[in-house]
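The next block is query21.txt, given as compact mmCIF, C-alpha atoms.
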# COMPACT_ATOMS: atom_id res chain seq x y z
CA ASN S 1 28.17 34.20 -21.47
CA ALA S 2 30.94 32.07 -19.92
CA VAL S 3 29.68 32.34 -16.34
CA SER S 4 26.19 31.02 -17.14
CA GLU S 5 27.82 28.10 -19.04
CA SER S 6 29.94 27.23 -16.00
CA PHE S 7 29.42 24.20 -13.78
CA VAL S 8 29.34 23.99 -9.99
CA LEU S 9 30.53 21.07 -7.86
CA MET S 10 29.37 20.71 -4.26
CA ILE S 11 31.55 18.19 -2.46
CA ASN S 12 32.73 17.25 1.03
CA ASP S 13 36.37 17.42 2.09
CA ASP S 14 36.41 13.78 3.26
CA VAL S 15 36.21 12.20 -0.20
CA THR S 16 38.63 11.11 -2.90
CA PHE S 17 38.07 10.54 -6.60
CA GLU S 18 39.89 9.51 -9.77
CA PRO S 19 41.75 12.00 -12.03
CA GLN S 20 39.06 11.95 -14.76
CA PHE S 21 36.21 12.62 -12.30
CA LEU S 22 35.62 16.28 -13.25
CA GLU S 23 35.90 15.75 -17.01
CA ARG S 24 33.51 12.79 -16.89
CA ALA S 25 30.96 14.76 -14.86
CA VAL S 26 31.03 17.74 -17.24
CA ALA S 27 30.58 15.42 -20.24
CA LEU S 28 27.58 13.74 -18.58
CA LEU S 29 26.01 17.03 -17.55
CA GLN S 30 26.41 18.66 -20.98
CA SER S 31 23.87 16.23 -22.42
CA ALA S 32 21.44 16.59 -19.50
CA PRO S 33 19.74 20.02 -19.27
CA ARG S 34 18.05 21.09 -16.02
CA THR S 35 19.71 18.22 -14.17
CA LEU S 36 21.44 17.92 -10.83
CA LEU S 37 23.99 15.11 -11.25
CA LEU S 38 25.24 13.25 -8.18
CA ALA S 39 28.29 11.00 -8.13
CA GLN S 40 27.73 7.56 -6.61
CA ALA S 41 29.44 7.56 -3.22
CA VAL S 42 31.28 4.39 -2.17
CA SER S 43 32.29 3.72 1.43
CA LYS S 44 36.01 3.88 2.13
CA GLN S 45 35.47 1.42 4.97
CA THR S 46 33.45 -1.27 3.13
CA GLY S 47 33.79 -0.49 -0.59
CA ARG S 48 30.01 -0.67 -0.92
CA PRO S 49 27.82 2.00 -2.55
CA LEU S 50 26.18 4.37 -0.08
CA VAL S 51 22.63 5.66 -0.31
CA SER S 52 22.52 8.54 -2.72
CA GLY S 53 19.16 8.79 -4.45
CA VAL S 54 16.36 9.34 -1.94
CA GLU S 55 12.60 9.14 -2.20
CA ALA S 56 11.23 11.67 0.29
CA ASP S 57 7.63 11.27 1.42
CA LEU S 58 7.07 14.62 3.15
CA LYS S 59 3.51 13.85 4.19
CA HIS S 60 4.57 10.84 6.29
CA TRP S 61 8.11 12.16 6.89
CA ARG S 62 9.92 9.17 5.41
CA PHE S 63 13.25 9.36 3.59
CA GLN S 64 14.11 6.06 1.93
CA PRO S 65 16.67 4.95 -0.64
CA SER S 66 14.98 5.12 -4.01
CA GLN S 67 14.55 1.85 -5.87
CA ALA S 68 13.83 3.61 -9.17
CA ALA S 69 15.69 6.49 -10.81
CA ASN S 70 12.45 8.27 -11.74
CA LYS S 71 11.31 8.33 -8.08
CA ILE S 72 14.33 10.27 -6.78
CA ASN S 73 13.25 13.66 -5.41
CA CYS S 74 16.05 14.25 -2.90
CA LEU S 75 19.86 13.97 -2.92
CA THR S 76 22.89 14.64 -0.81
CA THR S 77 25.30 17.29 -2.09
CA ASN S 78 28.46 15.23 -1.65
CA GLY S 79 29.63 15.14 -5.25
CA LEU S 80 26.74 17.11 -6.77
CA PHE S 81 27.22 18.83 -10.13
CA LEU S 82 24.94 21.43 -11.67
CA ARG S 83 25.07 24.40 -13.98
CA TRP S 84 25.74 27.86 -12.52
CA ALA S 85 22.61 29.18 -14.24
CA ASP S 86 20.55 26.40 -12.63
CA LEU S 87 21.97 27.21 -9.19
CA GLN S 88 20.87 30.83 -9.71
CA GLN S 89 17.36 29.64 -10.52
CA ILE S 90 17.15 27.19 -7.60
CA GLY S 91 18.56 29.66 -5.08
CA GLY S 92 21.08 29.27 -2.30
CA PHE S 93 21.17 27.49 1.02
CA HIS S 94 19.83 28.61 4.42
CA PRO S 95 23.00 28.50 6.58
CA ARG S 96 21.35 29.96 9.69
CA TRP S 97 18.42 27.55 9.57
CA LEU S 98 20.37 24.52 8.33
CA PRO S 99 24.11 24.96 8.93
CA HIS S 100 24.98 21.28 8.33
CA TYR S 101 22.59 18.32 8.16
CA ASN S 102 19.47 18.48 5.96
CA ALA S 103 20.71 21.52 4.02
CA ASP S 104 21.37 19.27 1.05
CA TYR S 105 17.96 17.61 1.26
CA GLU S 106 16.20 20.98 1.46
CA PHE S 107 18.16 22.32 -1.51
CA THR S 108 17.53 19.30 -3.75
CA LEU S 109 13.85 19.02 -2.76
CA ARG S 110 13.47 22.67 -3.76
CA ALA S 111 15.20 21.98 -7.09
CA TYR S 112 12.90 19.02 -7.71
CA ARG S 113 9.81 21.15 -6.98
CA LYS S 114 11.11 23.69 -9.53
CA GLY S 115 11.19 21.00 -12.20
CA PHE S 116 14.84 19.95 -12.14
CA ARG S 117 15.74 16.31 -12.71
CA LEU S 118 17.77 14.61 -9.97
CA HIS S 119 20.11 11.90 -11.25
CA VAL S 120 22.71 9.63 -9.65
CA SER S 121 25.45 8.43 -11.99
CA PRO S 122 27.14 5.08 -11.31
CA GLU S 123 29.67 6.09 -14.01
CA LEU S 124 30.84 8.82 -11.66
CA GLN S 125 32.17 7.57 -8.33
CA LEU S 126 33.84 9.03 -5.28
CA VAL S 127 35.12 7.34 -2.13
CA TRP S 128 33.69 8.68 1.14
CA ASP S 129 35.35 8.26 4.54
CA GLU S 130 32.28 7.75 6.74
CA LYS S 131 34.28 7.97 9.99
CA THR S 132 34.88 11.70 9.54
CA THR S 133 31.26 12.86 9.22
CA GLY S 134 29.46 14.48 12.16
CA PHE S 135 28.42 13.20 15.59
CA HIS S 136 26.35 10.03 15.49
CA ARG S 137 27.07 8.28 18.78
CA PHE S 138 26.88 9.58 22.31
CA ASP S 139 27.66 6.46 24.36
CA ARG S 140 29.34 6.76 27.76
CA MET S 141 29.44 10.52 27.75
CA PRO S 142 28.77 12.82 30.74
CA LEU S 143 25.40 14.60 30.51
CA ALA S 144 26.84 18.08 29.87
CA ALA S 145 29.07 16.81 27.05
CA PHE S 146 26.16 14.80 25.62
CA LEU S 147 23.90 17.90 25.55
CA ARG S 148 26.64 20.02 23.92
CA GLN S 149 27.15 17.46 21.17
CA TYR S 150 23.47 16.53 20.75
CA PHE S 151 22.53 20.19 20.16
CA SER S 152 25.59 21.03 18.05
CA LYS S 153 25.33 21.72 14.33
CA LYS S 154 27.35 18.56 13.65
CA SER S 155 24.79 16.32 15.35
CA LEU S 156 22.64 14.26 13.02
CA GLY S 157 19.85 14.22 15.63
CA ASN S 158 19.78 17.91 16.58
CA PRO S 159 16.04 18.65 17.02
CA VAL S 160 16.45 22.41 16.50
CA TYR S 161 17.78 21.96 12.96
CA HIS S 162 15.34 19.14 12.24
CA SER S 163 12.57 21.56 13.18
CA ALA S 164 13.94 24.18 10.79
CA PHE S 165 14.01 21.53 8.06
CA VAL S 166 10.35 20.71 8.74
CA LEU S 167 9.39 24.39 8.52
CA LEU S 168 11.17 24.72 5.17
CA VAL S 169 9.93 21.59 3.36
CA SER S 170 6.92 20.02 5.06
CA PRO S 171 3.38 20.46 3.74
CA ARG S 172 1.87 23.17 5.98
CA LEU S 173 -0.87 21.02 7.47
CA ARG S 174 1.69 18.37 8.52
CA ILE S 175 4.10 20.77 10.26
CA PRO S 176 2.60 20.39 13.79
CA VAL S 177 2.62 16.58 13.53
CA HIS S 178 6.22 16.44 12.31
CA LEU S 179 7.42 18.92 14.95
CA ALA S 180 5.67 16.95 17.70
CA LYS S 181 7.42 13.73 16.58
CA ILE S 182 10.82 15.42 16.47
CA TRP S 183 10.55 16.96 19.92
CA TRP S 184 8.99 13.88 21.50
CA GLY S 185 11.94 11.87 20.16
CA ALA S 186 14.36 14.48 21.49
CA LEU S 187 12.75 14.35 24.95
CA LEU S 188 13.04 10.57 24.99
CA THR S 189 16.67 10.72 23.86
CA VAL S 190 17.61 13.29 26.52
CA GLY S 191 15.50 11.45 29.13
CA ARG S 192 17.41 8.20 28.54
CA ARG S 193 20.62 10.02 29.49
Please rewrite the model in this file as structure tokens.
Amino acid sequence: NAVSESFVLMINDDVTFEPQFLERAVALLQSAPRTLLLAQAVSKQTGRPLVSGVEADLKHWRFQPSQAANKINCLTTNGLFLRWADLQQIGGFHPRWLPHYNADYEFTLRAYRKGFRLHVSPELQLVWDEKTTGFHRFDRMPLAAFLRQYFSKKSLGNPVYHSAFVLLVSPRLRIPVHLAKIWWGALLTVGRR
């Protein structure tokens, strides 16, 4: 039916793209079954490509830019296309556990484990304004304001949501080690304030 043949685009509101972006993505995806297709993000500030394909080593808790297309097992969802039927098979997000950061990594890692191919297309580009994304710096901020921002859902370093991410994707035997690292880092970060 028409719904199962439909495509889904997950995209941020701080990006721009060319008029043919959607048509090009649909054409690429039509010849790629069971594929999540990510547009190559380019920085609005520098014009350089941003990291998009990630090689996640969940045992050692490392997330590095992938040097080879066949090693990608994790993606962002900023400019991610997939079929509606594939989204139904992968399942939805966990907004209470991961309301912002790491939700995309958890979703695409789950898709990869279910046998979906993750692909980044340089033929498909969007421009991303990096200055509008989340809280990354906490310099010269009073302690109360720092704590509010550090533990907010828009904070890249929020240890509560990092812990939820660990519980959702980490190999079971590595969970205590990863949680200890996250909370030790959080204590050091708060202690430095």
Considering only C-alpha atoms, state which residue in the set S:Leu82, S:Leu173, S:Ala145, S:Ile182 is at the smallest distance from Thr35 of chain S. S:Leu82
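For the pair atom CA of Gly115 of chain S and atom CA of Pro33 of chain S, the interatomic distance is 11.1 Å.
If only C-alpha atoms are the atoms counted, then among S:Gly157, S:Gly47, S:Pro171, S:Gly79 the closest residue to Ala25 of chain S is S:Gly79.
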Quick one: residues within 8 Å of segment 56-71 of chain S, only C-alpha atoms, excluding same-chain residues fewer than 5 positions away - as a list in words? Val51, His119, Val120, Val169, Ser170, Pro171, Arg174 and His178 of chain S
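Across S:Ile175, S:Leu22, S:Val127, S:Leu87, the tightest approach to Glu5 of chain S is made by S:Leu87 when counting all atoms listed in the file.
Nearest to Leu126 of chain S of all the residues S:Leu9, S:Ala186, S:Val42, S:Ala32 is S:Val42, based on all atoms listed in the file.
Nearest residue to Ala164 of chain S among S:Ser121, S:Arg110, S:Thr76, S:Pro99 is S:Pro99, counting all atoms listed in the file.
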Just checking: using all atoms listed in the file, which residue out of S:Thr108, S:Gln88, S:Thr132, S:Gln30 ends up closest to Val15 of chain S? S:Thr132
Provide the atom CA of Leu124 of chain S to atom CA of Ala39 of chain S distance in Å, to one decimal place. 4.9 Å
Which protein, DNA or RNA residues have an atom at most 12 Å from (21.3, 28.9, -10.3), counting only C-alpha atoms? List them as a ChimeraX atom specification. /S:3-8,34-36,81-93,107,110-111,114,116
Dump as a PDB file, keeping the file's coordinate frame, selection limited to C-alpha atoms:
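Wrote it out as out-v4.pdb, contents follow:
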ATOM      1  CA  VAL S   3      29.680  32.340 -16.340  1.00  0.00           C
ATOM      2  CA  SER S   4      26.190  31.020 -17.140  1.00  0.00           C
ATOM      3  CA  GLU S   5      27.820  28.100 -19.040  1.00  0.00           C
ATOM      4  CA  SER S   6      29.940  27.230 -16.000  1.00  0.00           C
ATOM      5  CA  PHE S   7      29.420  24.200 -13.780  1.00  0.00           C
ATOM      6  CA  VAL S   8      29.340  23.990  -9.990  1.00  0.00           C
ATOM      7  CA  ARG S  34      18.050  21.090 -16.020  1.00  0.00           C
ATOM      8  CA  THR S  35      19.710  18.220 -14.170  1.00  0.00           C
ATOM      9  CA  LEU S  36      21.440  17.920 -10.830  1.00  0.00           C
ATOM     10  CA  PHE S  81      27.220  18.830 -10.130  1.00  0.00           C
ATOM     11  CA  LEU S  82      24.940  21.430 -11.670  1.00  0.00           C
ATOM     12  CA  ARG S  83      25.070  24.400 -13.980  1.00  0.00           C
ATOM     13  CA  TRP S  84      25.740  27.860 -12.520  1.00  0.00           C
ATOM     14  CA  ALA S  85      22.610  29.180 -14.240  1.00  0.00           C
ATOM     15  CA  ASP S  86      20.550  26.400 -12.630  1.00  0.00           C
ATOM     16  CA  LEU S  87      21.970  27.210  -9.190  1.00  0.00           C
ATOM     17  CA  GLN S  88      20.870  30.830  -9.710  1.00  0.00           C
ATOM     18  CA  GLN S  89      17.360  29.640 -10.520  1.00  0.00           C
ATOM     19  CA  ILE S  90      17.150  27.190  -7.600  1.00  0.00           C
ATOM     20  CA  GLY S  91      18.560  29.660  -5.080  1.00  0.00           C
ATOM     21  CA  GLY S  92      21.080  29.270  -2.300  1.00  0.00           C
ATOM     22  CA  PHE S  93      21.170  27.490   1.020  1.00  0.00           C
ATOM     23  CA  PHE S 107      18.160  22.320  -1.510  1.00  0.00           C
ATOM     24  CA  ARG S 110      13.470  22.670  -3.760  1.00  0.00           C
ATOM     25  CA  ALA S 111      15.200  21.980  -7.090  1.00  0.00           C
ATOM     26  CA  LYS S 114      11.110  23.690  -9.530  1.00  0.00           C
ATOM     27  CA  PHE S 116      14.840  19.950 -12.140  1.00  0.00           C
TER      28      PHE S 116
END
Quick one: residues within 9 Å of Trp97 of chain S, all atoms listed in the file, excluding same-chain residues fewer than 5 positions away - as a compact mmCIF listing (two decimals) with C-alpha atoms, keeping the file's coordinate frame?
# COMPACT_ATOMS: atom_id res chain seq x y z
CA ALA S 103 20.71 21.52 4.02
CA VAL S 160 16.45 22.41 16.50
CA TYR S 161 17.78 21.96 12.96
CA ALA S 164 13.94 24.18 10.79
CA PHE S 165 14.01 21.53 8.06
CA LEU S 168 11.17 24.72 5.17
Give me, please, the distance in Å between atom CA of Leu80 of chain S and atom CA of Ser43 of chain S, quoted to one decimal. 16.7 Å
Coordinates of box centre and edge lengths for segment 57-67 of chain S, 3 Å on every side, axis-aligned, as lines of an AutoDock Vina configuration file:
center_x = 10.1
center_y = 8.2
center_z = 0.5
size_x = 19.2
size_y = 18.8
size_z = 18.8
Counting all atoms listed in the file, which residues sit no farther than 6 Å from the position (16.1, 13.6, -10.1) in the file's frame? I'd like them as a ChimeraX atom specification. /S:72-73,117-119
